[in-house]
Structure formats: structure tokens, C-alpha cells
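Each remark here refers to the structure printed beneath this line.
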Amino acid sequence: MSGHWFLGWHRVARTLFLLVMMAGGAPLLRAQRQQSVARLDQQLAPLRVVDVSMIDTTAKACDDFFQFANGAWLARDTIPAAYPYSGVSRDMADRNELVIRAVLEDAMAKRSSPSTNSTTRKLGTFYASCMDSVGAEAKGATTMRPLLNRVDAVSSRAQLLGEMAELQMNGANALFGYGPSADAHDAAHYIVWLVQAGLGMPDRDYYTDQGPAADSLRTAYVQHIAKILTLAGDDAASASSAADRIMALETELAKASTRRVDLRDPAATDHPMTTAELAALVPNVDWPAYFHSIGLSATVAKVNVANLEFFKRANELLASTPISDWRAYLRFHALAPVSPWLSAPFVNEDFAFSSRFSGAKELLPRWKRCARETDRMMGEALGQAYVARTFPPEARARARAVIDDIRAAFHDRLLRLTWMSDSTRAQALDKLAKMSEKVGYPDRWRDYSRLVVGEGAFALNVQRASSFEWHRVVNRPGLPVDKTEWSMTVPTVNAYYDATVNEMVFPAGALVPQTFDPAADDAANYGSLGGSWAGHELTHGFDDEGRHYDAAGNLRDWWIAADSLHFSEQAAMVVRQYTGYSQVDTFHVNGRLTLGENIADFGGVLTGYDALQRALERTGRPGRLEGYSPEQRFFIAYAQSYRQHNRPAYLRTRVTLDPHSPEQWRVNAPLSNMPEFAQAFGCRPGDSMVRPPEVVPRIW
């Protein structure tokens with residue numbers, strides 16, 4: 001349940017370097033950091049939590065606050081050709097990726113040195129193999145030939161399932177997904193989860209939607225499949241025939257897949273069963289053989305089948321679909337994840353199709369693509385080096401202080417709720433008290449000693465890294481949940497709440513300007529880090545999904561019926577509010593899909609505002625800064641933390657895929673529900689940013 005919608009992997013800012021320098025350290029390391037700061041200064045302008053130069057002073061705060069807070073920036077911004085959007089996340093990512101590039105180039109240069117440790121050598125070798133564009137061009141698809149030959153040799157359903165398991169371990173999206181995850185009813189232990197998967201387009205709706213646009217996209221997808229297969233050596237006629245059959249097979253899988261909106265209900269994916277019951281549900285998979293093939297050595301007693309109808313249909317298709325069709329399907333899905341790392345024709349075709357969803361006009365520079373893939377596949381190895389260069393203890397401590405104030409403010413809000421019974425309130429307070437937080441970076445770094453990285457083709461290193469991660473976790477079912485583990489890499493510009501372990505996580509990559517600056521005023525930090533990040537993630541523990549989990553992370557109804565009814569009625573008001581907003585063209589925001597994020601946005605800014613008031617009572621009220629009161633700066637910081645400029649194609653994709661509303665509504669919708677905002681800017685009833693009290697939801 002992440003608080004922000006930022007595609008890709010994102011990274012640091014100038015102020016963080018300055019903080020490290022102020023913290024001291026070895027002279028040589030300080031010199032290196034000073035050089036890094038100089039390089040950043042030369043390439044990028046500094047970011048601030050509140051930047052008044054972005055404010056459109058001709059706009060009225062009470063009419064459209066997103067435009068007021070960000071309008072001057074929007075007027076001068078141009079989205080770079082390689083991006084689907086620009087804004088906070090891209091600006092922060094650009095800075096972080098400069099740090100990452102320095103780390104990776106240093107590791108690459110030192111990888112042959114005898115004194116270089118094993119993990120750094122692997123990191124440098126992984127990145128170097130990605131940057132070897134000459135080698136990628138020379139090899140073309142030959143790197144994949146052994147794998148494709150194995151697929152072509154499949155002649156029985158037993159071989160089919162064995163090859164499918166092999167592809168899954170190497171990172172391919174083949175039919176369904178396996179993963180150890182927390183047991184919904186015993187959150188302290190892992191259980192086997194089996195989930196729907198196997199589609200080449202991002203969502204089932206792309207296969208089932210009607211109309212000219214949907215038809216055109218499906219035609220383009222079939223052409224894309226055929227082109228990838230042709231590049232891999234198939235003749236044009238065979239590739240075209242295979243593409244049609246792959247599309248037909250995936251369409252059947254899509255029609256049986258659970259809709260994204262329905263997946264928001266935890267009960268929709270809660271289907272625990274014994275392995276005997278699994279065998280009865282999906283008899284055409286030899287499950288003991290499958291579990292053995294993927295390296296699961298422990299005896300499996302219980303599984304959770306997240307999507308019953310999908311697995312029933314997959315079972316039928318395994319029996320009714322010709323082996324030749326499955327071979328074609330596996331060939332394409334073996335090639336799809338590595339196409340961005342093969343020769344230029346593969347790379348260009350992969351980008352041409354994916355850009356239909358992003359609107360991007362050109363590829364990112366190779367070093368950025370390689371840096372992001374290295375972060376994705378060796379994230380903690382990279383994160384450890386990243387933290388050593390950038391993230392001082394002082395920044396971590398200051399961020400924790402803001403987050404602790406957010407926790408205290410939410411505690412007080414729970415005590416003041418008039419609609420909640422004492423019984424439910426006691427459970428909510430217990431959950432809040434036991435909610436943990438991770439800030440900055442892991443206390444224990446991942447061990448990469450078993451990862452094999454070669455000097456050859458990068459596509460093979462990607463597969464090896466996928467296999468390493470698979471085998472790192474495959475035998476977890478039945479074991480205690482590792483509560484030290486992170487689900488995001490350290491340089492990522494994002495945060496998340498995990499209901500199964502009841503924790504908030506804030507990577508170091510997000511704890512920099514424009515999100516957070518230890519040197520900034522409280523109003524700025526509490527508006528951005530407090531309201532749009534910490535308050536948002538904390539509220540996820542009590543949104544329409546999170547509220548179904550108890551303090552220990554178990555799926556359990558701890559609400560009395562009257563309180564649950566009130567929550568549902570108020571949540572329906574949130575759905576109606578956001579459904580009324582335009583997303584792009586004729587599309588409206590999907591109020592049901594975005595419900596959890598919208599509740600978290602509203603609860604987050606309310607809690608952040610309360611936390612600021614607590615801080616001002618503790619430290620004293622300052623005067624106006626840059627012409628704005630603390631309350632006004634709080635709301636400006638909140639709005640500027642969602643500063644983003646989107647391509648229409650990207651917004652159209654987000655209607656289907658993204659549980660977050662467009663940034664304009666992430667700002668205007670919750671603030672228009674707040675009397676505190678109206679008071680801060682002198683807004684009156686009838687102004688666009690003042691909604692009538694009778695339509696304002698009352699949840700947190």
C-alpha cells in the first residue's frame with residue numbers, strides 16, 4: 001500500500017550531501033562527498049520542501065489549490081521525452097540516480113581489484129554487463145537460444161509444467177505466480193500463496209474492454225508478440241500464427257482474472273486450503289512435482305489460492321489448449337522480460353509497445369536503465385553503498401521525530417472520535433501502539449554470497465538474479481515471518497504500509513527535499529513528510545483494506561457492527577466524491593479503485609495538521625516565512641509534495657491500473673473537506689475549495 005504513485009526506481013538530493021558533510025567523517029570521504037555535491041550543483045537545481053517560486057500568485061487558493069501551489073512551475077515545465085510525467089518524483093529520482101551512478105561506476109572500476117569485496121565486485125560486474133551495449137548487439141537473441149530450445153522440446157504436459165516452473169524462477173510471467181507470504185490467519189508465519197498471472201498486457205481489462213481504442217491496443221499487442229518472436233528467429237507466418245494463439249490463450253486467462261477493484265477486498269483473496277483440496281481444485285497440475293521443480297523442499301501442508309476462478313479456468317486450459325500453443329506462449333514469455341536487455345531491435349520493440357501505456361517519446365539513457373535494473377535486482381547491495389555516501393544518522397533521527405509526532409496525533413484523533421465505540425477504539429489504539437516503523441535503511445543487509453554474476457550477457461545476469469531471489473525465499477512456507485525485511489530498496493522515492501506485519505516503511509531515498517529537509521521549518525516538513533507521507537502511510541492501517549487486519553497482522557474483524565456500518569457509509573461518500581472528478585479526456589477517477597489511497601490522503605493531511613499544531617505548541621509559533629503563516633506553509637508543502645505533470649496516455653493507463661487519484665485531486669479533494677484549510681486561506685462557503693459539511697466524509 002504505497003503512498004505515492006511513482007513508476008520505476010527513484011533516488012537523492014543536494015541537501016542530503018550537505019548534511020553528510022556537516023556530520024564529519026574521514027577527510028578523504030568528505031572530499032569525495034564535496035566533489036559529489038559539486039557535480040550535483042552543476043547538473044541540477046536544488047529542491048526545497050516549500051518553494052514559493054512554484055506558486056501561481058494569479059490563481060486563487062480557494063478555487064484550485066493545486067494550481068495555486070504549483071501553477072508557476074506547471075507553466076514553465078516541459079515533460080522530458082523519455083518520461084511519462086515530470087514533477088517531484090522525477091526531480092528527486094534524478095538526484096538519487098546521480099548518486100547511484102557514482103556508486104555503480106566506482107564498483108565497476110574496482111571489480112577486478114583483489115581488495116574489492118565480493119558484493120561490490122558483483123555489483124560492479126552486474127552494472128558493467130548491462131552497460132556493454134556492444135556485446136548486447138553482437139549476441140542478439142543467441143543468449144536466449146538454450147532456453148528457447150528447451151521450450152521447443154516440450155512435448156508433454158509434464159514437461160510443460162516443468163518448463164513453466166523453470167521460467168518462473170528466471171523471472172518470466174508464466175501462467176500463475178508462486179510466492180511465500182504471511183498467512184492471513186497466522187501472520188507470524190509464511191504460507192504458500194498462489195496468485196493469478198500470465199498476462200502480457202498490464203491488466204485484464206485491456207483484453208476485455210470494448211470499443212475502437214481497446215481493439216486498436218489488442219491489435220498492437222498481437223503485432224508486438226509477432227515482432228518479438230520474429231526477432232528471435234521465427235519466420236513471419238509462424239510468428240503471426242503464434243501471436244494470434246497466444247492472444248487467444250491470454251484472453252481466456254484475463255476473463256477469469258479477478259478485477260483490480262475487487263482485489264481491494266482482502267476476503268476476495270482469502271482461500272486457504274490443504275494440498276489435497278488444491279489438487280482437487282487444479283488436478284491438471286502435479287503439485288508435488290511442481291513444488292519440487294521450483295526448489296521447495298519442505299512438505300507443503302496448506303496453501304492460499306488467491307483467485308479461485310482463475311485457477312479453475314487455468315486448469316481447464318491446461319487440458320484443452322494444444323501443447324503447441326503453450327510452447328508459443330512460453331517462448332514469448334521467456335523473451336518478454338529480457339527484451340529490454342537484448343540487441344537494439346528487441347529494445348526498440350519493447351519500448352515502442354510499452355510507450356503506448358506511458359506516453360514516453362524516447363528511451364531513457366542506457367546508464368539510467370541499467371541503474372534502475374541494478375537497483376531492482378541487487379537493491380540492498382546498492383542501498384548499502386548508497387547509505388554510506390548519503391544518509392547521516394541526524395537525518396534519520398529528525399525524520400523519526402516527525403513520524404512519532406504523527407503517531408501521537410493519530411492517537412489523539414482516535415480518542416476524539418465520536419462515532420467509534422469504546423470496544424473498537426481499544427482495538428484501534430492497540431493496533432496503533434503496535435505499529436512499527438522502518439526509517440532510512442535496514443538494520444541488517446541482505447547476503448548476496450549465493451548470487452552468481454557473470455561478465456557475459458546481461459540478460460543472463462538478470463535471469464540469475466531472479467533465480468537468486470526465488471531461491472532466497474522459496475522455502476519460507478511454515479517459517480516465522482522475517483520482520484526485518486524491506487519490500488522497497490533504500491534509494492526508492494516512495495513509502496509503504498504492510499498490513500500483515502503492521503508496519504510503515506520510509507526509505508532513505510524519499511527522506512530528502514522535496515519530501516523532507518532537517519533544516520526546513522516545521523510547517524514545511526509536517527505538511528510534506530508528515531501529511532502526505534507519514535500520516536498517509538499510518539492511515540493505510542485503518543483504510544478500507546487495512547482496517548480488516550488486527551494489531552498482529554491477522555485478517556480478523558475487530559469492529560463492532562455499528563462502527564463497521566458507519567465506516568462503510570462514510571467510505572461510500574469518499575467514493576462518490578472522487579468519482580465526480582475528471583481524470584483525463586472523458587474518463588473519470590475510479591472512486592472504488594482509489595478508495596484506500598483517498599482515505600489515506602484525507603486521514604494523512606488531517607493527522608499531519610494536528611501534528612504541526614502539537615509541534616508549534618511545543619516549540620512556539622514563528623512569524624510568517626516568505627510571506628506565509630505556518631498553517632499556510634503546511635498546506636503549500638502538502639500540495640507541492642504532489643507536484644506532477646502527466647502525459648494524457650499515462651493518465652489513461654492510470655485509470656485502469658493505479659489505486660492513486662491524479663495529483664490535482666490528491667490535493668484539492670482532501671483539502672476541500674477541511675475547515676482548517678478554509679480558515680488558513682480565508683475561503684468561504686461557495687468557493688470550489690469548500691465543500692458543504694453535509695457531503696464531507698467523517699472517518700479519521
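A note on labels: chains of the C-alpha cells are A, B, ... as shown, every chain counts residues from 1, and ligands are counted from 1 in their shown order.
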Between stretch 200-259 of chain A and stretch 303-312 of chain A, at 7 Å or less, what are the per-residue closest atom pairs and their distances in Å? Count only C-alpha atoms, order by chain and rising residue number, and return it as CSV.
```
residue,atom,partner,partner_atom,distance
A:Leu253,CA,A:Phe310,CA,6.8
A:Ala256,CA,A:Phe310,CA,4.7
A:Ser257,CA,A:Phe310,CA,5.2
A:Thr258,CA,A:Asn307,CA,6.6
```
Neighbour list for A:Ala433 as a compact mmCIF listing (two decimals) with N, CA, C and O atoms, in the first residue's frame, cut-off 9 Å, only C-alpha atoms, skip fewer than 3 positions in-chain:
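Wrote it out as out_34.txt, contents follow:
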```txt
# COMPACT_ATOMS: atom_id res chain seq x y z
N ARG A 407 2.27 9.82 14.79
CA ARG A 407 1.68 8.72 15.55
C ARG A 407 0.89 9.25 16.75
O ARG A 407 -0.23 8.82 17.03
N HIS A 411 -3.19 9.09 17.49
CA HIS A 411 -3.68 8.56 18.77
C HIS A 411 -4.73 9.49 19.36
O HIS A 411 -5.81 9.06 19.79
N ALA A 428 -8.31 -0.35 18.05
CA ALA A 428 -7.59 0.56 17.16
C ALA A 428 -6.36 1.14 17.86
O ALA A 428 -5.29 1.25 17.25
N LEU A 429 -6.51 1.50 19.12
CA LEU A 429 -5.38 2.04 19.87
C LEU A 429 -4.29 0.99 20.05
O LEU A 429 -3.09 1.30 19.98
N ASP A 430 -4.70 -0.26 20.24
CA ASP A 430 -3.72 -1.35 20.37
C ASP A 430 -2.97 -1.53 19.05
O ASP A 430 -1.75 -1.72 19.04
N SER A 436 4.81 -0.74 13.87
CA SER A 436 6.24 -0.42 13.85
C SER A 436 6.58 0.46 12.66
O SER A 436 5.75 0.68 11.77
N ALA A 551 -3.85 -5.96 15.13
CA ALA A 551 -2.55 -5.43 15.53
C ALA A 551 -1.41 -6.38 15.17
O ALA A 551 -0.27 -5.96 14.94
```
Using only C-alpha atoms, pick whichever of A:Ala562, A:Met273, A:Val655, A:Val154 has the shortest atom-to-atom distance to A:Ser582. A:Val655
Considering only C-alpha atoms, state which residue in the set A:Tyr386, A:Phe677, A:Tyr85, A:Tyr609 is at the smallest distance from A:Ala508. A:Tyr386
Between A:Thr275, A:Ser115, A:Asn646, A:Thr321, which one has atoms that come closest to A:Ala301, using only C-alpha atoms? A:Thr275
Can you tell me, as a PyMOL selection string, which residues in stretch 89-247 of chain A count as alpha helix (DSSP H) by DSSP? chain A and resi 89-110+118-131+133-139+145-152+157-169+205-208+212-231+236-247
List as JSON, numbers by chain the protein and nucleic acid residues near A:Arg618, meaning an atom at most 12 Å away when only C-alpha atoms are counted, but skip any in the same chain fewer than 5 places from it. {"A": [405, 522, 611, 612, 613]}
Mind checking which residues fall within 10 Å of A:Asp51, counting only C-alpha atoms, ignoring those fewer than 3 positions away in the same chain, and posting them as number ranges by chain? A: 47-48, 54-55, 69-70, 73, 514, 524, 626, 633, 636-637, 640
A:Tyr83 surroundings by only C-alpha atoms, 12 Å radius, close-in-sequence under 5 positions cut, as number ranges by chain: A: 6-8, 78, 89-91, 93-94, 351, 354-355, 357-365, 368, 644-647, 649-650
Could you write those residues out with N, CA and C atoms, as a JSON list (two decimals), in the first residue's frame?
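Generated output (out01.json):
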```json
[["chain", "number", "residue", "atom", "x", "y", "z"],
["A", 6, "PHE", "N", 4.77, 6.39, -8.12],
["A", 6, "PHE", "CA", 5.96, 6.77, -8.85],
["A", 6, "PHE", "C", 6.47, 5.54, -9.57],
["A", 7, "LEU", "N", 6.39, 5.50, -10.91],
["A", 7, "LEU", "CA", 6.87, 4.36, -11.66],
["A", 7, "LEU", "C", 8.39, 4.31, -11.61],
["A", 8, "GLY", "N", 8.91, 3.09, -11.78],
["A", 8, "GLY", "CA", 10.34, 2.91, -11.84],
["A", 8, "GLY", "C", 10.97, 2.98, -10.46],
["A", 78, "THR", "N", 8.28, 21.36, -18.99],
["A", 78, "THR", "CA", 8.13, 20.52, -20.17],
["A", 78, "THR", "C", 8.52, 19.10, -19.78],
["A", 89, "SER", "N", 8.74, 13.36, -8.04],
["A", 89, "SER", "CA", 9.42, 12.07, -8.08],
["A", 89, "SER", "C", 10.56, 12.06, -9.08],
["A", 90, "ARG", "N", 10.35, 12.67, -10.26],
["A", 90, "ARG", "CA", 11.42, 12.69, -11.24],
["A", 90, "ARG", "C", 12.58, 13.55, -10.78],
["A", 91, "ASP", "N", 12.26, 14.71, -10.18],
["A", 91, "ASP", "CA", 13.33, 15.58, -9.70],
["A", 91, "ASP", "C", 14.17, 14.88, -8.63],
["A", 93, "ALA", "N", 14.34, 11.62, -8.19],
["A", 93, "ALA", "CA", 14.99, 10.48, -8.82],
["A", 93, "ALA", "C", 16.25, 10.89, -9.56],
["A", 94, "ASP", "N", 16.19, 12.03, -10.26],
["A", 94, "ASP", "CA", 17.37, 12.50, -10.99],
["A", 94, "ASP", "C", 18.56, 12.68, -10.05],
["A", 351, "PHE", "N", 10.20, -1.01, -26.15],
["A", 351, "PHE", "CA", 9.87, 0.37, -25.80],
["A", 351, "PHE", "C", 8.66, 0.86, -26.60],
["A", 354, "SER", "N", 5.54, -0.59, -24.91],
["A", 354, "SER", "CA", 5.31, -0.09, -23.55],
["A", 354, "SER", "C", 4.97, 1.40, -23.54],
["A", 355, "SER", "N", 5.46, 2.15, -24.53],
["A", 355, "SER", "CA", 5.18, 3.59, -24.57],
["A", 355, "SER", "C", 3.71, 3.89, -24.84],
["A", 357, "PHE", "N", 1.44, 2.81, -23.11],
["A", 357, "PHE", "CA", 0.87, 2.96, -21.78],
["A", 357, "PHE", "C", 1.45, 4.15, -21.03],
["A", 358, "SER", "N", 2.66, 4.54, -21.36],
["A", 358, "SER", "CA", 3.31, 5.63, -20.64],
["A", 358, "SER", "C", 3.26, 6.97, -21.35],
["A", 359, "GLY", "N", 3.21, 6.93, -22.69],
["A", 359, "GLY", "CA", 3.28, 8.16, -23.46],
["A", 359, "GLY", "C", 4.69, 8.68, -23.66],
["A", 360, "ALA", "N", 5.70, 7.98, -23.12],
["A", 360, "ALA", "CA", 7.10, 8.41, -23.29],
["A", 360, "ALA", "C", 7.47, 8.41, -24.77],
["A", 361, "LYS", "N", 8.32, 9.36, -25.15],
["A", 361, "LYS", "CA", 8.67, 9.55, -26.56],
["A", 361, "LYS", "C", 10.01, 8.96, -26.94],
["A", 362, "GLU", "N", 10.86, 8.70, -25.96],
["A", 362, "GLU", "CA", 12.16, 8.12, -26.28],
["A", 362, "GLU", "C", 12.66, 7.34, -25.07],
["A", 363, "LEU", "N", 13.63, 6.48, -25.33],
["A", 363, "LEU", "CA", 14.22, 5.67, -24.27],
["A", 363, "LEU", "C", 15.02, 6.53, -23.29],
["A", 364, "LEU", "N", 15.04, 6.10, -22.05],
["A", 364, "LEU", "CA", 15.96, 6.70, -21.09],
["A", 364, "LEU", "C", 17.40, 6.40, -21.52],
["A", 365, "PRO", "N", 18.36, 7.22, -21.11],
["A", 365, "PRO", "CA", 19.77, 6.88, -21.37],
["A", 365, "PRO", "C", 20.09, 5.50, -20.80],
["A", 368, "LYS", "N", 20.80, 5.13, -17.05],
["A", 368, "LYS", "CA", 19.65, 5.19, -16.16],
["A", 368, "LYS", "C", 18.90, 3.86, -16.15],
["A", 644, "GLN", "N", 3.11, 17.36, -9.95],
["A", 644, "GLN", "CA", 3.33, 16.42, -11.04],
["A", 644, "GLN", "C", 2.59, 16.87, -12.30],
["A", 645, "HIS", "N", 3.22, 16.60, -13.42],
["A", 645, "HIS", "CA", 2.71, 16.98, -14.74],
["A", 645, "HIS", "C", 2.69, 15.70, -15.57],
["A", 646, "ASN", "N", 1.52, 15.25, -16.01],
["A", 646, "ASN", "CA", 1.36, 13.92, -16.61],
["A", 646, "ASN", "C", 1.03, 13.99, -18.09],
["A", 647, "ARG", "N", 1.52, 13.01, -18.84],
["A", 647, "ARG", "CA", 1.08, 12.85, -20.23],
["A", 647, "ARG", "C", -0.32, 12.23, -20.23],
["A", 649, "ALA", "N", -1.60, 9.92, -22.10],
["A", 649, "ALA", "CA", -1.55, 8.46, -22.22],
["A", 649, "ALA", "C", -1.28, 7.82, -20.87],
["A", 650, "TYR", "N", -0.45, 8.46, -20.08],
["A", 650, "TYR", "CA", -0.12, 7.95, -18.75],
["A", 650, "TYR", "C", -1.35, 8.02, -17.84]]
```
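Counting only C-alpha atoms, A:Pro180 has the following residues at most 6 Å away, ignoring those fewer than 3 positions along the same chain: A:Tyr190, A:Ile191, A:Val192, A:Trp193, A:Pro477.
Among A:Tyr497, A:Trp533, A:Tyr578, A:Phe346, the residue with the shortest atom-to-atom distance to A:Ala226, counting only C-alpha atoms, is A:Phe346.
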Could you build a table of the residues in stretch 293-351 of chain A lying no more than 9 Å from stretch 127-133 of chain A, giving for each the nearest pair of atoms and their separation in Å rounded to one decimal place, using only C-alpha atoms, ordered by chain and ascending residue number, as a Markdown table?
```
| residue | atom | partner | partner_atom | distance |
| --- | --- | --- | --- | --- |
| A:Trp341 | CA | A:Cys130 | CA | 7.4 |
| A:Leu342 | CA | A:Ser133 | CA | 8.8 |
| A:Ser343 | CA | A:Ser133 | CA | 7.8 |
| A:Ala344 | CA | A:Ser133 | CA | 8.7 |
```
Output of the above residues as a compact mmCIF listing (two decimals), in the first residue's frame, restricted to N, CA and C atoms:
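Result file out_7.txt:
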```
# COMPACT_ATOMS: atom_id res chain seq x y z
N TRP A 341 17.03 -5.98 -22.69
CA TRP A 341 18.47 -6.15 -22.48
C TRP A 341 19.13 -6.95 -23.60
N LEU A 342 18.41 -7.17 -24.69
CA LEU A 342 18.99 -7.84 -25.84
C LEU A 342 19.48 -6.78 -26.84
N SER A 343 19.54 -7.10 -28.10
CA SER A 343 20.04 -6.15 -29.10
C SER A 343 19.01 -5.06 -29.37
N ALA A 344 19.42 -4.03 -30.09
CA ALA A 344 18.59 -2.83 -30.30
C ALA A 344 17.21 -3.13 -30.88
```
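Distances from A:Arg652, A:Arg624, A:Arg157, A:Arg389 to A:Ala102 were compared using only C-alpha atoms, and the smallest one belongs to A:Arg389.
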Residues near A:Met488, cut-off 8 Å, only C-alpha atoms, skip fewer than 4 positions along chain, as a PyMOL selection string: chain A and resi 492+495+507
Take the residues from that selection and put them in a file with N, CA and C atoms, as a CSV table (one decimal), in the first residue's frame.
```
chain,number,residue,atom,x,y,z
A,492,THR,N,14.7,4.2,-3.1
A,492,THR,CA,13.4,4.5,-3.7
A,492,THR,C,12.7,5.7,-3.2
A,495,ALA,N,7.1,5.1,-0.2
A,495,ALA,CA,7.0,4.5,1.2
A,495,ALA,C,5.8,3.6,1.1
A,507,PRO,N,12.0,4.6,3.0
A,507,PRO,CA,13.4,4.5,2.5
A,507,PRO,C,14.1,5.8,2.5
```
Residues of stretch 93-322 of chain A in strand (DSSP E or B) according to DSSP, as a PyMOL selection string? chain A and resi 176-183+186-196+272-274+302-305
